[in-house]
Amino acid sequence: MLDADLLAGPAEQVAPLLLGMVLRHGEVAVELTEVEAYAGPRDPASHAFRGPTPRNDVMFGPPGHLYLYFSYGMHWAANVVCGPDGTAGGCLLRSGQVVDGADLARGRRHGAPERDLARGPGRLTQALGLAREHRGLDLLADGVVRLEPGPVRAGEIEVLTGPRVGVSSAADVPWRFWVAGSRYVSAYKRSPRAPAPER
DNA sequence: CACTAGATGCTCT
DNA sequence: GAGCATCTAGTGA
């Protein structure tokens, strides 16, 4: 069982710790290979930057809960809430490797190739079967959806960082974290609305 | 393989 | 009504 204190720090510090952990929903489990940090009031790219709304209120609650949002008309994306209770913050789960329940995941993903089962935020939630009814669940409690320690010990994963995908503000802040050399990492794409890259 | 265009509907202003 | 923390299918090589 994971300790909530582990997730109570700033999102950009929690994010690399999530790599290698496993998110499980029933029989399907995904080992996380790529995440992004969103630091609430300190981060113009965060949904919580302008204060609480009905959509983002979960992010203002205690760490370790599941913030889900609906994106681009077709996809759900999952975040682990971080930071202390009362302060908004979260880590977007961008990609992972399906390590259990692959047959069920493949069915939900309409027969996608193994590498693409959970590569991308929308694909990851689809493979796990997460949607609006899972909003706000406590991932550290003993429920059907939970976050578990991974098979690899903390500190044994080589982590690379870079700018976040698809954000139009703070587009150069390197708060995307992924497992070095992993095939289960999504492609970087800069938002067409973002200003020209810094150099 | 790399790259592009368009679909799609919720959320907040 | 504008703006998305995206995906897929299509093209061309």
# chains A, B, ... in the order shown; residues from 1 in each chain; ligands from 1
>>> residues_around(residues="DT11 (chain B)", least_positions_apart="3", cutoff="10 Å", atoms="only C-alpha atoms (C1' of nucleotides)", output="PyMOL selection string")
(chain A and resi 53-55+69-71) or (chain C and resi 3-4)
>>> interface_residues(of="chain A", to="chain B", cutoff="7 Å", atoms="only C-alpha atoms (C1' of nucleotides)", output="list in words")
Phe70, Tyr72, Gly73 and Met74 of chain A
>>> write_last_selection(atoms="C-alpha atoms", output="mmCIF file, in the first residue's frame")
data_model
loop_
_atom_site.group_PDB
_atom_site.id
_atom_site.type_symbol
_atom_site.label_atom_id
_atom_site.label_comp_id
_atom_site.auth_asym_id
_atom_site.auth_seq_id
_atom_site.Cartn_x
_atom_site.Cartn_y
_atom_site.Cartn_z
ATOM 1 C CA PHE A 70 -13.052 14.714 -20.955
ATOM 2 C CA TYR A 72 -11.316 16.685 -27.559
ATOM 3 C CA GLY A 73 -14.801 15.307 -27.734
ATOM 4 C CA MET A 74 -13.827 11.642 -27.439
#
>>> interface_residues(of="chain C", to="chain A", cutoff="9 Å", atoms="only C-alpha atoms (C1' of nucleotides)", output="PyMOL selection string")
chain C and resi 4-7
>>> atom_distance(atom1="CA of Gly155 (chain A)", atom2="CA of Glu34 (chain A)")
15.6 Å
>>> select_by_dssp(residues="region 35-64 of chain A", states="strand (DSSP E or B)", output="list in words")
Val35, Glu36, Ala37 and Tyr38 of chain A
>>> atom_distance(atom1="CA of Ala194 (chain A)", atom2="CA of Val81 (chain A)")
25.6 Å
>>> residues_around(residues="Gly129 (chain A)", least_positions_apart="4", cutoff="9 Å", atoms="only C-alpha atoms (C1' of nucleotides)", output="PDB file with C-alpha atoms, in the first residue's frame")
ATOM      1  CA  HIS A  25      -8.667  -1.338 -12.579  1.00  0.00           C
ATOM      2  CA  VAL A  28      -6.292  -4.720 -16.231  1.00  0.00           C
ATOM      3  CA  ALA A 105      -7.533  -4.141 -22.805  1.00  0.00           C
ATOM      4  CA  ARG A 108     -11.542  -2.157 -25.354  1.00  0.00           C
ATOM      5  CA  LEU A 124      -4.522   4.632 -21.424  1.00  0.00           C
ATOM      6  CA  THR A 125      -7.937   5.397 -19.935  1.00  0.00           C
TER       7      THR A 125
END
>>> closest_residue(among="A:Val144, A:Val152, A:Leu160, A:Ala187", to="Gly26 (chain A)", atoms="only C-alpha atoms")
A:Val144
>>> atom_distance(atom1="CA of Val98 (chain A)", atom2="CA of Val58 (chain A)")
26.1 Å
>>> select_by_dssp(residues="region 20-94 of chain A", states="helix (DSSP H, G or I)", output="NGL selection string")
:A and (40-42 or 57-60)
>>> write_last_selection(atoms="C-alpha atoms", output="short mmCIF file (atom, residue, chain, number, x, y, z; two decimals), in the first residue's frame")
data_model
loop_
_atom_site.label_atom_id
_atom_site.label_comp_id
_atom_site.auth_asym_id
_atom_site.auth_seq_id
_atom_site.Cartn_x
_atom_site.Cartn_y
_atom_site.Cartn_z
CA GLY A 40 -2.27 24.21 -10.17
CA PRO A 41 -2.06 27.90 -9.19
CA ARG A 42 1.65 28.07 -10.12
CA ASP A 57 -12.56 20.44 -7.98
CA VAL A 58 -11.07 16.97 -7.38
CA MET A 59 -7.62 18.48 -7.90
CA PHE A 60 -8.13 20.75 -4.89
#
>>> decode(residues="chain C", atoms="N, CA, C and O atoms (P, O5', C5', C4', C3', O3' and C1' of nucleotides)", output="JSON list (two decimals), in the first residue's frame")
[["chain", "number", "residue", "atom", "x", "y", "z"],
["C", 1, "DG", "P", -23.27, 31.51, -31.57],
["C", 1, "DG", "O5'", -21.75, 31.32, -31.07],
["C", 1, "DG", "C5'", -20.97, 32.52, -31.05],
["C", 1, "DG", "C4'", -19.64, 32.28, -30.43],
["C", 1, "DG", "C3'", -18.70, 31.42, -31.28],
["C", 1, "DG", "O3'", -17.45, 32.07, -31.28],
["C", 1, "DG", "C1'", -18.84, 30.53, -29.10],
["C", 2, "DA", "P", -16.29, 31.62, -32.31],
["C", 2, "DA", "O5'", -15.08, 31.48, -31.27],
["C", 2, "DA", "C5'", -14.96, 32.43, -30.20],
["C", 2, "DA", "C4'", -13.99, 31.89, -29.19],
["C", 2, "DA", "C3'", -12.76, 31.22, -29.79],
["C", 2, "DA", "O3'", -11.64, 31.56, -28.99],
["C", 2, "DA", "C1'", -13.93, 29.66, -28.45],
["C", 3, "DG", "P", -10.16, 31.15, -29.48],
["C", 3, "DG", "O5'", -9.86, 29.92, -28.51],
["C", 3, "DG", "C5'", -9.96, 30.09, -27.11],
["C", 3, "DG", "C4'", -9.85, 28.75, -26.43],
["C", 3, "DG", "C3'", -8.70, 27.87, -26.96],
["C", 3, "DG", "O3'", -7.99, 27.35, -25.84],
["C", 3, "DG", "C1'", -10.70, 26.64, -26.89],
["C", 4, "DC", "P", -6.37, 27.03, -26.00],
["C", 4, "DC", "O5'", -6.37, 25.65, -26.79],
["C", 4, "DC", "C5'", -5.91, 24.44, -26.20],
["C", 4, "DC", "C4'", -6.99, 23.80, -25.39],
["C", 4, "DC", "C3'", -6.73, 22.31, -25.14],
["C", 4, "DC", "O3'", -6.88, 22.08, -23.78],
["C", 4, "DC", "C1'", -8.89, 22.60, -26.01],
["C", 5, "DA", "P", -6.09, 21.95, -22.62],
["C", 5, "DA", "O5'", -5.15, 20.66, -22.74],
["C", 5, "DA", "C5'", -4.00, 20.64, -23.58],
["C", 5, "DA", "C4'", -3.24, 19.34, -23.36],
["C", 5, "DA", "C3'", -4.08, 18.08, -23.48],
["C", 5, "DA", "O3'", -3.25, 16.96, -23.81],
["C", 5, "DA", "C1'", -3.40, 18.33, -21.26],
["C", 6, "DT", "P", -3.07, 16.56, -25.41],
["C", 6, "DT", "O5'", -4.48, 15.90, -25.76],
["C", 6, "DT", "C5'", -4.92, 14.70, -25.11],
["C", 6, "DT", "C4'", -5.55, 13.77, -26.11],
["C", 6, "DT", "C3'", -4.55, 12.88, -26.86],
["C", 6, "DT", "O3'", -4.93, 11.54, -26.65],
["C", 6, "DT", "C1'", -6.05, 13.92, -28.38],
["C", 7, "DC", "P", -4.11, 10.29, -27.22],
["C", 7, "DC", "O5'", -4.93, 9.87, -28.51],
["C", 7, "DC", "C5'", -6.30, 9.55, -28.34],
["C", 7, "DC", "C4'", -6.95, 9.25, -29.68],
["C", 7, "DC", "C3'", -6.19, 8.23, -30.51],
["C", 7, "DC", "O3'", -7.07, 7.17, -30.82],
["C", 7, "DC", "C1'", -6.68, 10.21, -31.78],
["C", 8, "DT", "P", -6.52, 5.79, -31.48],
["C", 8, "DT", "O5'", -6.99, 5.93, -32.99],
["C", 8, "DT", "C5'", -8.32, 6.35, -33.25],
["C", 8, "DT", "C4'", -8.42, 6.74, -34.70],
["C", 8, "DT", "C3'", -7.71, 5.77, -35.64],
["C", 8, "DT", "O3'", -8.70, 5.23, -36.51],
["C", 8, "DT", "C1'", -7.15, 8.04, -36.15],
["C", 9, "DA", "P", -8.32, 4.08, -37.58],
["C", 9, "DA", "O5'", -8.34, 4.97, -38.91],
["C", 9, "DA", "C5'", -9.42, 5.88, -39.12],
["C", 9, "DA", "C4'", -9.12, 6.74, -40.34],
["C", 9, "DA", "C3'", -8.59, 5.94, -41.53],
["C", 9, "DA", "O3'", -9.04, 6.56, -42.73],
["C", 9, "DA", "C1'", -6.97, 7.52, -40.89],
["C", 10, "DG", "P", -9.04, 5.74, -44.14],
["C", 10, "DG", "O5'", -7.95, 6.53, -44.99],
["C", 10, "DG", "C5'", -8.31, 7.80, -45.51],
["C", 10, "DG", "C4'", -7.11, 8.69, -45.61],
["C", 10, "DG", "C3'", -6.06, 8.25, -46.64],
["C", 10, "DG", "O3'", -6.38, 8.80, -47.90],
["C", 10, "DG", "C1'", -5.08, 9.16, -44.66],
["C", 11, "DT", "P", -5.62, 8.19, -49.21],
["C", 11, "DT", "O5'", -4.25, 9.02, -49.24],
["C", 11, "DT", "C5'", -4.29, 10.44, -49.34],
["C", 11, "DT", "C4'", -2.92, 11.00, -49.01],
["C", 11, "DT", "C3'", -1.82, 10.55, -49.98],
["C", 11, "DT", "O3'", -1.41, 11.64, -50.78],
["C", 11, "DT", "C1'", -1.12, 10.41, -47.68],
["C", 12, "DG", "P", -0.57, 11.25, -52.13],
["C", 12, "DG", "O5'", 0.93, 11.22, -51.56],
["C", 12, "DG", "C5'", 1.46, 12.37, -50.91],
["C", 12, "DG", "C4'", 2.84, 12.04, -50.37],
["C", 12, "DG", "C3'", 3.72, 11.30, -51.38],
["C", 12, "DG", "O3'", 5.06, 11.80, -51.29],
["C", 12, "DG", "C1'", 3.63, 10.08, -49.40],
["C", 13, "DA", "P", 6.15, 11.38, -52.44],
["C", 13, "DA", "O5'", 7.29, 10.61, -51.63],
["C", 13, "DA", "C5'", 7.92, 11.24, -50.54],
["C", 13, "DA", "C4'", 8.62, 10.19, -49.69],
["C", 13, "DA", "C3'", 9.62, 9.33, -50.47],
["C", 13, "DA", "O3'", 10.85, 9.30, -49.77],
["C", 13, "DA", "C1'", 8.21, 7.98, -49.17]]
